[in-house]
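The file start.cif contains mmCIF, C-alpha atoms:
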```cif
data_model
loop_
_atom_site.group_PDB
_atom_site.id
_atom_site.type_symbol
_atom_site.label_atom_id
_atom_site.label_comp_id
_atom_site.auth_asym_id
_atom_site.auth_seq_id
_atom_site.Cartn_x
_atom_site.Cartn_y
_atom_site.Cartn_z
ATOM 1 C CA MET J 1 9.466 -83.303 27.681
ATOM 2 C CA ALA J 2 8.977 -84.793 24.197
ATOM 3 C CA ARG J 3 8.376 -88.504 23.849
ATOM 4 C CA SER J 4 11.351 -90.614 22.752
ATOM 5 C CA GLN J 5 8.956 -93.148 21.204
ATOM 6 C CA ASP J 6 5.601 -93.122 19.479
ATOM 7 C CA PRO J 7 2.798 -94.314 21.812
ATOM 8 C CA ILE J 8 2.425 -97.482 19.720
ATOM 9 C CA GLN J 9 6.161 -98.206 19.936
ATOM 10 C CA SER J 10 6.190 -97.792 23.698
ATOM 11 C CA ARG J 11 3.558 -100.526 24.012
ATOM 12 C CA ASP J 12 4.838 -102.775 21.228
ATOM 13 C CA ASP J 13 5.317 -106.374 22.343
ATOM 14 C CA GLY J 14 6.634 -107.460 18.959
ATOM 15 C CA SER J 15 3.563 -109.510 18.066
ATOM 16 C CA ARG J 16 2.394 -107.222 15.249
ATOM 17 C CA ASP J 17 3.939 -105.972 12.033
ATOM 18 C CA ARG J 18 4.473 -102.215 12.492
ATOM 19 C CA TYR J 19 6.044 -101.598 9.060
ATOM 20 C CA ASP J 20 5.083 -98.181 7.635
ATOM 21 C CA VAL J 21 3.106 -97.499 10.790
ATOM 22 C CA THR J 22 5.783 -96.810 13.408
ATOM 23 C CA THR J 23 8.769 -98.696 11.935
ATOM 24 C CA TRP J 24 10.325 -98.867 8.508
ATOM 25 C CA GLU J 25 12.783 -100.973 6.551
ATOM 26 C CA VAL J 26 13.412 -101.646 2.875
ATOM 27 C CA ARG J 27 10.722 -104.051 1.657
ATOM 28 C CA THR J 28 9.000 -102.841 -1.482
ATOM 29 C CA PRO J 29 10.361 -101.704 -4.863
ATOM 30 C CA LEU J 30 9.459 -98.130 -3.920
ATOM 31 C CA ASP J 31 11.446 -98.506 -0.691
ATOM 32 C CA ARG J 32 14.436 -99.638 -2.720
ATOM 33 C CA VAL J 33 14.064 -96.710 -5.128
ATOM 34 C CA ALA J 34 13.836 -94.263 -2.222
ATOM 35 C CA SER J 35 16.924 -95.737 -0.583
ATOM 36 C CA TRP J 36 18.868 -95.711 -3.836
ATOM 37 C CA LEU J 37 17.829 -92.134 -4.653
ATOM 38 C CA TYR J 38 18.839 -90.941 -1.188
ATOM 39 C CA TRP J 39 22.236 -92.614 -1.595
ATOM 40 C CA VAL J 40 22.764 -91.007 -5.011
ATOM 41 C CA LEU J 41 21.807 -87.548 -3.774
ATOM 42 C CA ASP J 42 24.079 -87.944 -0.768
ATOM 43 C CA VAL J 43 27.036 -89.009 -2.901
ATOM 44 C CA VAL J 44 26.398 -86.316 -5.521
ATOM 45 C CA ALA J 45 26.149 -83.609 -2.852
ATOM 46 C CA ARG J 46 29.479 -84.635 -1.357
ATOM 47 C CA TRP J 47 31.204 -84.793 -4.747
ATOM 48 C CA VAL J 48 29.787 -81.424 -5.776
ATOM 49 C CA LEU J 49 31.169 -79.953 -2.561
ATOM 50 C CA VAL J 50 34.604 -81.489 -3.131
ATOM 51 C CA LEU J 51 34.763 -80.506 -6.805
ATOM 52 C CA LEU J 52 33.670 -76.973 -6.006
ATOM 53 C CA ALA J 53 36.389 -76.693 -3.374
ATOM 54 C CA PHE J 54 38.908 -78.107 -5.855
ATOM 55 C CA GLY J 55 37.855 -75.594 -8.501
ATOM 56 C CA ILE J 56 38.239 -72.684 -6.100
ATOM 57 C CA LEU J 57 41.646 -73.949 -4.997
ATOM 58 C CA VAL J 58 42.796 -74.230 -8.612
ATOM 59 C CA ALA J 59 41.635 -70.659 -9.232
ATOM 60 C CA ILE J 60 43.580 -69.492 -6.171
ATOM 61 C CA VAL J 61 46.694 -71.307 -7.393
ATOM 62 C CA VAL J 62 46.411 -69.870 -10.914
ATOM 63 C CA THR J 63 45.889 -66.298 -9.718
ATOM 64 C CA SER J 64 48.528 -66.350 -6.980
ATOM 65 C CA ASP J 65 52.193 -67.097 -6.553
ATOM 66 C CA LEU J 66 51.473 -70.563 -5.151
ATOM 67 C CA PRO J 67 53.141 -72.360 -8.124
ATOM 68 C CA ARG J 68 56.425 -71.139 -6.644
ATOM 69 C CA ILE J 69 55.935 -73.895 -4.075
ATOM 70 C CA LEU J 70 57.547 -76.212 -6.639
ATOM 71 C CA ASP J 71 60.840 -74.410 -6.101
ATOM 72 C CA PRO J 72 62.979 -76.710 -3.894
ATOM 73 C CA VAL J 73 63.928 -73.909 -1.515
ATOM 74 C CA VAL J 74 60.343 -72.751 -1.088
ATOM 75 C CA SER J 75 59.171 -76.353 -0.641
ATOM 76 C CA ALA J 76 61.814 -76.872 2.035
ATOM 77 C CA PHE J 77 60.675 -73.770 3.919
ATOM 78 C CA THR J 78 57.056 -74.928 3.728
ATOM 79 C CA VAL J 79 57.890 -78.399 5.037
ATOM 80 C CA LEU J 80 59.942 -76.928 7.877
ATOM 81 C CA SER J 81 57.054 -74.660 8.828
ATOM 82 C CA LEU J 82 54.841 -77.717 9.322
ATOM 83 C CA VAL J 83 57.139 -79.688 11.608
ATOM 84 C CA PRO J 84 55.615 -78.451 14.926
ATOM 85 C CA ALA J 85 52.055 -79.041 13.688
ATOM 86 C CA LEU J 86 52.979 -82.493 12.391
ATOM 87 C CA ALA J 87 54.548 -83.363 15.737
ATOM 88 C CA LEU J 88 51.327 -82.367 17.498
ATOM 89 C CA VAL J 89 49.250 -84.497 15.108
ATOM 90 C CA ALA J 90 51.576 -87.429 15.808
ATOM 91 C CA TYR J 91 51.001 -86.977 19.530
ATOM 92 C CA VAL J 92 47.210 -86.926 19.151
ATOM 93 C CA TRP J 93 47.428 -90.062 17.006
ATOM 94 C CA TRP J 94 49.630 -91.731 19.624
ATOM 95 C CA THR J 95 47.115 -91.025 22.385
ATOM 96 C CA ASP J 96 44.464 -93.024 20.519
ATOM 97 C CA SER J 97 44.787 -96.299 22.414
ATOM 98 C CA THR J 98 41.860 -97.949 20.627
ATOM 99 C CA THR J 99 42.550 -98.981 17.030
ATOM 100 C CA ALA J 100 45.100 -97.481 14.658
ATOM 101 C CA GLU J 101 43.403 -95.317 12.032
ATOM 102 C CA PRO J 102 43.923 -96.443 8.417
ATOM 103 C CA LEU J 103 46.342 -94.384 6.359
ATOM 104 C CA SER J 104 43.767 -94.025 3.572
ATOM 105 C CA LEU J 105 41.279 -92.218 5.848
ATOM 106 C CA LEU J 106 44.002 -90.005 7.283
ATOM 107 C CA ALA J 107 45.230 -89.097 3.789
ATOM 108 C CA VAL J 108 41.750 -88.237 2.497
ATOM 109 C CA THR J 109 41.029 -86.137 5.595
ATOM 110 C CA PHE J 110 44.298 -84.267 5.110
ATOM 111 C CA ALA J 111 43.458 -83.632 1.444
ATOM 112 C CA LEU J 112 39.968 -82.406 2.324
ATOM 113 C CA GLY J 113 41.483 -80.076 4.924
ATOM 114 C CA VAL J 114 43.591 -78.579 2.130
ATOM 115 C CA LEU J 115 40.652 -78.343 -0.283
ATOM 116 C CA PHE J 116 38.132 -76.823 2.095
ATOM 117 C CA ALA J 117 40.582 -74.090 3.034
ATOM 118 C CA SER J 118 39.569 -72.572 -0.309
ATOM 119 C CA PHE J 119 36.002 -72.059 0.961
ATOM 120 C CA ALA J 120 37.376 -70.308 4.029
ATOM 121 C CA ALA J 121 39.536 -68.046 1.858
ATOM 122 C CA ILE J 122 36.536 -66.936 -0.210
ATOM 123 C CA ILE J 123 34.199 -66.363 2.739
ATOM 124 C CA ASN J 124 36.893 -64.612 4.784
ATOM 125 C CA GLY J 125 37.478 -62.324 1.819
ATOM 126 C CA PHE J 126 33.850 -61.195 1.796
ATOM 127 C CA GLY J 127 33.715 -61.007 5.578
ATOM 128 C CA SER J 128 36.771 -58.793 5.768
ATOM 129 C CA VAL J 129 34.545 -55.764 5.178
ATOM 130 C CA LEU J 130 33.819 -55.940 8.904
ATOM 131 C CA GLN J 131 37.365 -54.728 9.499
ATOM 132 C CA LEU J 132 36.359 -51.369 8.086
ATOM 133 C CA VAL J 133 34.384 -50.717 11.269
ATOM 134 C CA PRO J 134 36.642 -48.681 13.593
ATOM 135 C CA ILE J 135 38.078 -50.399 16.697
ATOM 136 C CA VAL J 136 35.587 -53.269 17.002
ATOM 137 C CA GLY J 137 35.617 -54.260 13.310
ATOM 138 C CA PRO J 138 38.620 -56.603 13.470
ATOM 139 C CA VAL J 139 37.237 -58.274 16.605
ATOM 140 C CA TRP J 140 33.903 -58.888 14.891
ATOM 141 C CA PHE J 141 35.757 -60.244 11.874
ATOM 142 C CA PHE J 142 37.676 -62.764 13.977
ATOM 143 C CA TYR J 143 34.730 -63.908 16.104
ATOM 144 C CA LEU J 144 31.956 -63.846 13.491
ATOM 145 C CA VAL J 145 33.867 -64.870 10.361
ATOM 146 C CA VAL J 146 37.391 -66.258 10.693
ATOM 147 C CA GLY J 147 36.937 -68.465 13.750
ATOM 148 C CA PRO J 148 33.530 -69.990 12.867
ATOM 149 C CA ILE J 149 34.203 -70.368 9.127
ATOM 150 C CA GLU J 150 37.684 -71.878 9.315
ATOM 151 C CA GLU J 151 36.735 -74.295 12.079
ATOM 152 C CA THR J 152 33.562 -75.324 10.254
ATOM 153 C CA MET J 153 35.584 -76.059 7.104
ATOM 154 C CA LYS J 154 38.032 -78.241 9.023
ATOM 155 C CA TRP J 155 35.123 -79.978 10.767
ATOM 156 C CA LEU J 156 33.511 -80.587 7.390
ATOM 157 C CA ALA J 157 36.726 -82.211 6.143
ATOM 158 C CA VAL J 158 36.160 -84.903 8.784
ATOM 159 C CA ARG J 159 32.375 -85.075 8.580
ATOM 160 C CA ILE J 160 31.873 -85.872 4.900
ATOM 161 C CA TYR J 161 34.231 -88.846 4.688
ATOM 162 C CA ALA J 162 36.097 -90.261 7.692
ATOM 163 C CA TYR J 163 33.083 -89.842 9.981
ATOM 164 C CA ARG J 164 31.045 -92.137 7.742
ATOM 165 C CA SER J 165 33.598 -94.928 7.822
ATOM 166 C CA PRO J 166 33.118 -97.954 10.119
ATOM 167 C CA ARG J 167 36.765 -97.429 11.094
ATOM 168 C CA PHE J 168 35.675 -94.238 12.860
ATOM 169 C CA ASP J 169 34.663 -96.436 15.769
ATOM 170 C CA ALA J 170 35.595 -94.476 18.881
ATOM 171 C CA VAL J 171 35.025 -90.977 20.226
ATOM 172 C CA ILE J 172 38.739 -90.251 20.295
ATOM 173 C CA ASP J 173 38.991 -90.971 16.571
ATOM 174 C CA GLY J 174 37.303 -87.614 16.051
ATOM 175 C CA ALA J 175 40.242 -85.848 17.682
ATOM 176 C CA VAL J 176 42.702 -87.728 15.459
ATOM 177 C CA TYR J 177 40.900 -86.885 12.235
ATOM 178 C CA GLY J 178 40.240 -83.338 13.413
ATOM 179 C CA ALA J 179 43.951 -82.844 14.050
ATOM 180 C CA VAL J 180 44.797 -84.197 10.589
ATOM 181 C CA ALA J 181 42.252 -81.856 8.984
ATOM 182 C CA GLY J 182 43.897 -78.982 10.872
ATOM 183 C CA LEU J 183 47.276 -80.046 9.497
ATOM 184 C CA GLY J 184 45.887 -80.014 5.953
ATOM 185 C CA PHE J 185 44.453 -76.542 6.491
ATOM 186 C CA ALA J 186 47.735 -75.281 7.947
ATOM 187 C CA THR J 187 49.674 -76.783 5.032
ATOM 188 C CA ILE J 188 47.946 -74.769 2.321
ATOM 189 C CA GLU J 189 47.854 -71.658 4.501
ATOM 190 C CA ASN J 190 51.590 -71.871 5.202
ATOM 191 C CA ALA J 191 52.332 -72.540 1.530
ATOM 192 C CA ILE J 192 50.447 -69.408 0.494
ATOM 193 C CA TYR J 193 52.137 -67.186 3.079
ATOM 194 C CA ILE J 194 55.612 -68.448 2.264
ATOM 195 C CA THR J 195 55.228 -68.223 -1.518
ATOM 196 C CA ASP J 196 53.822 -64.706 -1.151
ATOM 197 C CA ALA J 197 56.844 -63.771 0.935
ATOM 198 C CA VAL J 198 59.165 -65.142 -1.725
ATOM 199 C CA ALA J 199 57.324 -63.343 -4.506
ATOM 200 C CA ASN J 200 57.361 -60.048 -2.581
ATOM 201 C CA PRO J 201 60.454 -60.304 -0.383
ATOM 202 C CA VAL J 202 60.843 -57.569 2.170
ATOM 203 C CA ILE J 203 64.587 -58.139 2.301
ATOM 204 C CA GLY J 204 64.871 -58.542 -1.452
ATOM 205 C CA ASN J 205 66.338 -62.018 -1.135
ATOM 206 C CA VAL J 206 64.428 -65.249 -1.779
ATOM 207 C CA LEU J 207 66.169 -67.126 0.972
ATOM 208 C CA GLY J 208 65.735 -64.250 3.373
ATOM 209 C CA ALA J 209 62.050 -63.837 2.601
ATOM 210 C CA GLY J 210 61.235 -67.509 2.950
ATOM 211 C CA GLY J 211 63.375 -67.880 6.043
ATOM 212 C CA GLY J 212 61.796 -64.867 7.672
ATOM 213 C CA VAL J 213 58.207 -66.019 7.344
ATOM 214 C CA THR J 214 58.822 -69.713 8.004
ATOM 215 C CA PRO J 215 59.238 -69.427 11.804
ATOM 216 C CA ALA J 216 56.085 -67.289 12.009
ATOM 217 C CA ARG J 217 54.079 -69.931 10.140
ATOM 218 C CA ALA J 218 55.664 -72.721 12.170
ATOM 219 C CA ILE J 219 54.383 -71.293 15.443
ATOM 220 C CA ALA J 220 50.939 -70.643 13.941
ATOM 221 C CA GLY J 221 50.471 -74.183 12.599
ATOM 222 C CA PRO J 222 49.931 -76.081 15.885
ATOM 223 C CA GLY J 223 47.003 -73.808 16.705
ATOM 224 C CA HIS J 224 45.021 -75.123 13.748
ATOM 225 C CA VAL J 225 45.648 -78.675 14.947
ATOM 226 C CA ILE J 226 44.536 -77.929 18.517
ATOM 227 C CA TYR J 227 41.357 -76.095 17.500
ATOM 228 C CA SER J 228 40.126 -78.769 15.102
ATOM 229 C CA ALA J 229 41.126 -81.600 17.449
ATOM 230 C CA PHE J 230 38.607 -80.158 19.922
ATOM 231 C CA SER J 231 35.793 -79.926 17.366
ATOM 232 C CA GLY J 232 36.711 -83.363 16.037
ATOM 233 C CA TYR J 233 36.545 -84.901 19.491
ATOM 234 C CA TYR J 234 33.015 -83.572 19.959
ATOM 235 C CA LEU J 235 32.082 -84.847 16.511
ATOM 236 C CA GLY J 236 33.177 -88.278 17.716
ATOM 237 C CA LEU J 237 31.150 -87.811 20.887
ATOM 238 C CA ALA J 238 28.130 -86.900 18.767
ATOM 239 C CA LYS J 239 28.483 -90.031 16.630
ATOM 240 C CA PHE J 240 27.939 -92.209 19.683
ATOM 241 C CA ASN J 241 25.247 -90.008 21.226
ATOM 242 C CA ARG J 242 22.872 -89.574 18.291
ATOM 243 C CA ASP J 243 19.998 -88.296 20.414
ATOM 244 C CA ARG J 244 22.101 -85.265 21.426
ATOM 245 C CA ALA J 245 24.309 -85.040 18.347
ATOM 246 C CA GLY J 246 23.292 -81.521 17.306
ATOM 247 C CA PRO J 247 24.118 -79.691 20.546
ATOM 248 C CA ILE J 248 27.309 -81.736 20.988
ATOM 249 C CA ILE J 249 28.553 -80.770 17.512
ATOM 250 C CA VAL J 250 27.699 -77.121 18.109
ATOM 251 C CA LYS J 251 29.550 -77.188 21.425
ATOM 252 C CA GLY J 252 32.683 -78.533 19.761
ATOM 253 C CA LEU J 253 32.563 -75.934 17.002
ATOM 254 C CA LEU J 254 31.963 -73.148 19.531
ATOM 255 C CA ILE J 255 35.006 -74.206 21.557
ATOM 256 C CA ALA J 256 37.220 -74.377 18.471
ATOM 257 C CA ALA J 257 35.944 -71.100 17.008
ATOM 258 C CA LEU J 258 36.266 -69.175 20.272
ATOM 259 C CA ILE J 259 39.821 -70.381 20.910
ATOM 260 C CA HIS J 260 40.755 -69.573 17.311
ATOM 261 C CA ALA J 261 39.147 -66.125 17.298
ATOM 262 C CA SER J 262 40.621 -65.253 20.685
ATOM 263 C CA TYR J 263 44.092 -66.141 19.418
ATOM 264 C CA ASN J 264 43.702 -63.826 16.421
ATOM 265 C CA THR J 265 42.272 -61.046 18.569
ATOM 266 C CA LEU J 266 44.961 -61.217 21.243
ATOM 267 C CA THR J 267 47.924 -61.065 18.843
ATOM 268 C CA PHE J 268 48.032 -57.320 19.493
ATOM 269 C CA ILE J 269 49.564 -58.152 22.894
ATOM 270 C CA PRO J 270 52.941 -59.429 21.612
ATOM 271 C CA ALA J 271 53.086 -56.555 19.100
ATOM 272 C CA ALA J 272 52.516 -54.019 21.873
ATOM 273 C CA ALA J 273 55.003 -55.768 24.149
ATOM 274 C CA ALA J 274 57.660 -55.732 21.445
ATOM 275 C CA PHE J 275 57.133 -51.992 20.952
ATOM 276 C CA VAL J 276 57.309 -51.220 24.668
ATOM 277 C CA LEU J 277 60.297 -53.466 25.354
ATOM 278 C CA GLY J 278 62.143 -52.540 22.183
ATOM 279 C CA ILE J 279 62.723 -56.142 21.128
ATOM 280 C CA PRO J 280 61.896 -57.964 17.872
ATOM 281 C CA ASN J 281 58.208 -58.683 17.402
ATOM 282 C CA PHE J 282 58.928 -62.318 16.610
ATOM 283 C CA VAL J 283 60.348 -62.894 20.101
ATOM 284 C CA THR J 284 57.213 -61.673 21.866
ATOM 285 C CA LEU J 285 54.976 -63.442 19.323
ATOM 286 C CA LEU J 286 56.775 -66.717 19.930
ATOM 287 C CA ALA J 287 56.373 -66.333 23.687
ATOM 288 C CA PHE J 288 52.672 -65.513 23.292
ATOM 289 C CA VAL J 289 51.981 -68.489 20.994
ATOM 290 C CA VAL J 290 53.840 -70.917 23.239
ATOM 291 C CA VAL J 291 51.853 -69.776 26.275
ATOM 292 C CA TYR J 292 48.518 -69.642 24.430
ATOM 293 C CA ASP J 293 48.832 -72.999 22.661
ATOM 294 C CA SER J 294 50.248 -74.663 25.763
ATOM 295 C CA PHE J 295 47.282 -73.467 27.802
ATOM 296 C CA PHE J 296 44.647 -74.895 25.482
ATOM 297 C CA GLY J 297 46.862 -77.801 24.509
ATOM 298 C CA TYR J 298 46.856 -78.797 28.167
ATOM 299 C CA PHE J 299 43.046 -78.976 28.182
ATOM 300 C CA LEU J 300 43.150 -81.088 25.036
ATOM 301 C CA TYR J 301 45.744 -83.324 26.690
ATOM 302 C CA ARG J 302 43.504 -83.759 29.739
ATOM 303 C CA LYS J 303 40.517 -84.673 27.588
ATOM 304 C CA LEU J 304 42.471 -87.256 25.599
ATOM 305 C CA ALA J 305 44.129 -88.640 28.726
ATOM 306 C CA ARG J 306 40.771 -89.015 30.465
ATOM 307 C CA TYR J 307 39.415 -90.983 27.516
ATOM 308 C CA ARG J 308 42.479 -93.209 27.457
ATOM 309 C CA ARG J 309 42.249 -93.923 31.193
ATOM 310 C CA GLN J 310 38.596 -94.885 30.959
ATOM 311 C CA TYR J 311 39.215 -97.015 27.874
ATOM 312 C CA ARG J 312 41.891 -98.977 29.685
ATOM 313 C CA ALA J 313 39.743 -99.259 32.789
ATOM 314 C CA THR J 314 36.888 -100.807 30.809
ATOM 315 C CA ARG J 315 39.295 -103.271 29.210
ATOM 316 C CA GLN J 316 40.588 -104.314 32.613
ATOM 317 C CA ASP J 317 37.036 -104.707 33.871
ATOM 318 C CA GLY J 318 36.254 -106.926 30.926
ATOM 319 C CA ALA J 319 33.428 -104.618 29.896
ATOM 320 C CA LEU J 320 34.859 -103.755 26.492
ATOM 321 C CA VAL J 321 34.346 -106.147 23.612
ATOM 322 C CA PRO J 322 37.711 -106.634 21.895
ATOM 323 C CA VAL J 323 37.955 -105.843 18.168
ATOM 324 C CA GLU J 324 39.596 -108.035 15.582
ATOM 325 C CA ARG J 325 42.089 -105.463 14.370
ATOM 326 C CA THR J 326 45.632 -104.679 15.436
ATOM 327 C CA GLU J 327 45.519 -102.226 18.299
ATOM 328 C CA PHE J 328 47.998 -99.475 18.932
ATOM 329 C CA GLU J 329 48.989 -99.558 22.560
ATOM 330 C CA GLU J 330 51.268 -97.211 24.457
#
```

Could you express the structure from this file as structure tokens?
Amino acid sequence: MARSQDPIQSRDDGSRDRYDVTTWEVRTPLDRVASWLYWVLDVVARWVLVLLAFGILVAIVVTSDLPRILDPVVSAFTVLSLVPALALVAYVWWTDSTTAEPLSLLAVTFALGVLFASFAAIINGFGSVLQLVPIVGPVWFFYLVVGPIEETMKWLAVRIYAYRSPRFDAVIDGAVYGAVAGLGFATIENAIYITDAVANPVIGNVLGAGGGVTPARAIAGPGHVIYSAFSGYYLGLAKFNRDRAGPIIVKGLLIAALIHASYNTLTFIPAAAAFVLGIPNFVTLLAFVVVYDSFFGYFLYRKLARYRRQYRATRQDGALVPVERTEFEE
């Protein structure tokens, strides 16, 4: 097993200056330049990523029917489609019994969830060639492209900003910000589907087209929230377990991606059931989504509830140092 400390560190009694030998802090002008340069590169990298995502999103808007979202009717349909997902986000936020998350961090995370959906759209477009492979192609596409890419983009929406904030001060905060990132992702996805339906109405009626696709998007939205709440929770766990951060993050992304990809893969079941039973596809799809999301939503509920119980237990034991901010209690 690898050492956790250098041999000198393990025997250090604090009597000698170990700077630039086994320890390091900012002392010299060169140290200050190195620290400043690292900070600049870090900030520039994040801004380049955000601006690139923004540019791609603008291109998608310009080349699609998304501007129709400004139509009051279309906007209303889009908002209605997000109600179930928003309710789920509100529940995850409510379960956070530590400190209330600042609105500014939640808003930025939501916006980044919207922006980074553009990366997913581009990569999914290239990856869709896998669907050309007979029978197994779509499965590969869901498990190797859609699930991993979309969940990584939502995870990134939390990682590059909220994660760095001192207000991200509890493991469960990761689930809250992950859920909000999922809501942002679902928002732009729903907007695109609904505006496309309005632009190319099957029924030939704007109201009919928007109304027809809205329920389908409404039942799909909560899934995005559940998946990214899982990966966000593990991101929070990683923040407070730095020595095992890598595997913890990968575990969270694997869980989210597998649940997501399995959902996409198994949607053939309600379609087949509707055909066999001779009932509308939406009825069987709704039943499938309710069962599927409830199943994994229950595991998310258990994870959040376990955290909340242990948080309260440590407070009662007097082992938790109280913070000087208003706490949101049940």

**Message:** Which residue is closest to Phe119 (chain J)? Choose from J:Tyr301, J:Tyr292, J:Phe54, J:Phe230 and count all atoms listed in the file.
**Reply:**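 Checking each candidate against Phe119 (chain J), we get J:Phe54 as the closest.
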
**Prompt:** Leaving out Ser128 (chain J) and any residue of its chain fewer than 5 positions from it, which residues lie within 10 Å of it when counting only C-alpha atoms, given as JSON, numbers by chain?
**Reply:** {"J": [123, 137, 138, 140, 141, 142, 145, 146]}

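Residues lying within 12 Å of (44.5, -61.5, 19.0). Counted over only C-alpha atoms, they are Pro138, Val139, Trp140, Phe141, Phe142, Tyr143, Val146, Gly147, Leu258, Ile259, His260, Ala261, Ser262, Tyr263, Asn264, Thr265, Leu266, Thr267, Phe268, Ile269, Pro270, Ala271, Ala272, Leu285, Phe288, Val289 and Tyr292 of chain J.
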
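Against the coordinates shown, the PyMOL selection byres ((chain J and resi 102-115) around 6) returns Ala53, Phe54, Glu101, Phe116, Ala117, Ser118, Lys154, Ala157, Val158, Ala162, Val180, Ala181, Gly184, Phe185 and Ile188 of chain J.
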
Write the selection just made, keeping C-alpha atoms, as a PDB file, keeping the file's coordinate frame?
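Contents of result-v8.pdb, as written:
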```
ATOM      1  CA  ALA J  53      36.389 -76.693  -3.374  1.00  0.00           C
ATOM      2  CA  PHE J  54      38.908 -78.107  -5.855  1.00  0.00           C
ATOM      3  CA  GLU J 101      43.403 -95.317  12.032  1.00  0.00           C
ATOM      4  CA  PHE J 116      38.132 -76.823   2.095  1.00  0.00           C
ATOM      5  CA  ALA J 117      40.582 -74.090   3.034  1.00  0.00           C
ATOM      6  CA  SER J 118      39.569 -72.572  -0.309  1.00  0.00           C
ATOM      7  CA  LYS J 154      38.032 -78.241   9.023  1.00  0.00           C
ATOM      8  CA  ALA J 157      36.726 -82.211   6.143  1.00  0.00           C
ATOM      9  CA  VAL J 158      36.160 -84.903   8.784  1.00  0.00           C
ATOM     10  CA  ALA J 162      36.097 -90.261   7.692  1.00  0.00           C
ATOM     11  CA  VAL J 180      44.797 -84.197  10.589  1.00  0.00           C
ATOM     12  CA  ALA J 181      42.252 -81.856   8.984  1.00  0.00           C
ATOM     13  CA  GLY J 184      45.887 -80.014   5.953  1.00  0.00           C
ATOM     14  CA  PHE J 185      44.453 -76.542   6.491  1.00  0.00           C
ATOM     15  CA  ILE J 188      47.946 -74.769   2.321  1.00  0.00           C
TER      16      ILE J 188
END
```

**Request:** In Å, rounded to a single decimal, give me how far CA of Phe126 (chain J) is from CA of Ala218 (chain J).
**Result:** 26.8 Å

**Item:** Selected residue, from J:Pro166, J:Gly246, J:Pro148, J:Gly178, that lies nearest to Val92 (chain J) when counting all atoms listed in the file
**Value:**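 Closest to Val92 (chain J), using all atoms listed in the file: J:Gly178.
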
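Shortest atom-to-atom contact with Thr98 (chain J) among J:Phe295, J:Trp155, J:Tyr38, J:Tyr307: J:Tyr307, counting only C-alpha atoms.
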
**Request:** Work out how far apart CA of Ala257 (chain J) and CA of Val50 (chain J) are and give it in Å to one decimal.
**Result:**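 One can read the CA of Ala257 (chain J) to CA of Val50 (chain J) distance as 22.7 Å.
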
**Message:** Could you check the closest approach to Tyr233 (chain J) for each of J:Ala175, J:Leu37, J:Val61, J:Leu304 and tell me which residue wins, using only C-alpha atoms?
**Reply:** J:Ala175

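By only C-alpha atoms, and with residues fewer than 5 positions from region 16-26 of chain J along its chain excluded, the set lying at most 12 Å from it is Gln5, Asp6, Pro7, Ile8, Gln9, Ser10, Arg11, Asp31, Arg32, Val33, Ala34, Ser35 and Trp36 of chain J.
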
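In this structure, CA of Thr195 (chain J) sits 5.7 Å away from CA of Leu66 (chain J).
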
**Item:** Closest of J:Leu88, J:Ala220, J:Ile135, J:Leu70 to Gly297 (chain J) - atom-to-atom distances counting only C-alpha atoms
**Value:**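 Comparing J:Leu88, J:Ala220, J:Ile135, J:Leu70 against Gly297 (chain J), the winner is J:Leu88.
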
So that I can see what lies close to Gly174 (chain J), please list as a PDB file with C-alpha atoms, keeping the file's coordinate frame the residues with an atom at most 8 Å from it, counting only C-alpha atoms and leaving out residues fewer than 6 positions away in the same chain.
```pdb
ATOM      1  CA  VAL J 158      36.160 -84.903   8.784  1.00  0.00           C
ATOM      2  CA  TYR J 163      33.083 -89.842   9.981  1.00  0.00           C
ATOM      3  CA  PHE J 168      35.675 -94.238  12.860  1.00  0.00           C
ATOM      4  CA  ALA J 229      41.126 -81.600  17.449  1.00  0.00           C
ATOM      5  CA  SER J 231      35.793 -79.926  17.366  1.00  0.00           C
ATOM      6  CA  GLY J 232      36.711 -83.363  16.037  1.00  0.00           C
ATOM      7  CA  TYR J 233      36.545 -84.901  19.491  1.00  0.00           C
ATOM      8  CA  TYR J 234      33.015 -83.572  19.959  1.00  0.00           C
ATOM      9  CA  LEU J 235      32.082 -84.847  16.511  1.00  0.00           C
ATOM     10  CA  GLY J 236      33.177 -88.278  17.716  1.00  0.00           C
ATOM     11  CA  LEU J 237      31.150 -87.811  20.887  1.00  0.00           C
TER      12      LEU J 237
END
```

**Asked** Of the residues J:Pro84, J:Gly55, J:Gly278, J:Pro67, which is the one nearest to Ala186 (chain J), using only C-alpha atoms?
**Response** J:Pro84

**Request:** Write out as a count of residues only which residues come within 9 Å of Phe240 (chain J) when counting only C-alpha atoms, dropping same-chain ones fewer than 2 positions away.
**Result:** 9

**Request:** Run the PyMOL selection byres ((chain J and resi 224-227) around 6) mentally over the shown coordinates, then write out the matched residues as a PyMOL selection string, using the chain letters and numbers from the document.
**Result:** chain J and resi 179+182-183+221-223+228-230+256

Writer output for current selection, C-alpha atoms, as an mmCIF file, in the frame of the given file:
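Printed below is selection37.cif as written:
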```cif
data_model
loop_
_atom_site.group_PDB
_atom_site.id
_atom_site.type_symbol
_atom_site.label_atom_id
_atom_site.label_comp_id
_atom_site.auth_asym_id
_atom_site.auth_seq_id
_atom_site.Cartn_x
_atom_site.Cartn_y
_atom_site.Cartn_z
ATOM 1 C CA ALA J 179 43.951 -82.844 14.050
ATOM 2 C CA GLY J 182 43.897 -78.982 10.872
ATOM 3 C CA LEU J 183 47.276 -80.046 9.497
ATOM 4 C CA GLY J 221 50.471 -74.183 12.599
ATOM 5 C CA PRO J 222 49.931 -76.081 15.885
ATOM 6 C CA GLY J 223 47.003 -73.808 16.705
ATOM 7 C CA SER J 228 40.126 -78.769 15.102
ATOM 8 C CA ALA J 229 41.126 -81.600 17.449
ATOM 9 C CA PHE J 230 38.607 -80.158 19.922
ATOM 10 C CA ALA J 256 37.220 -74.377 18.471
#
```
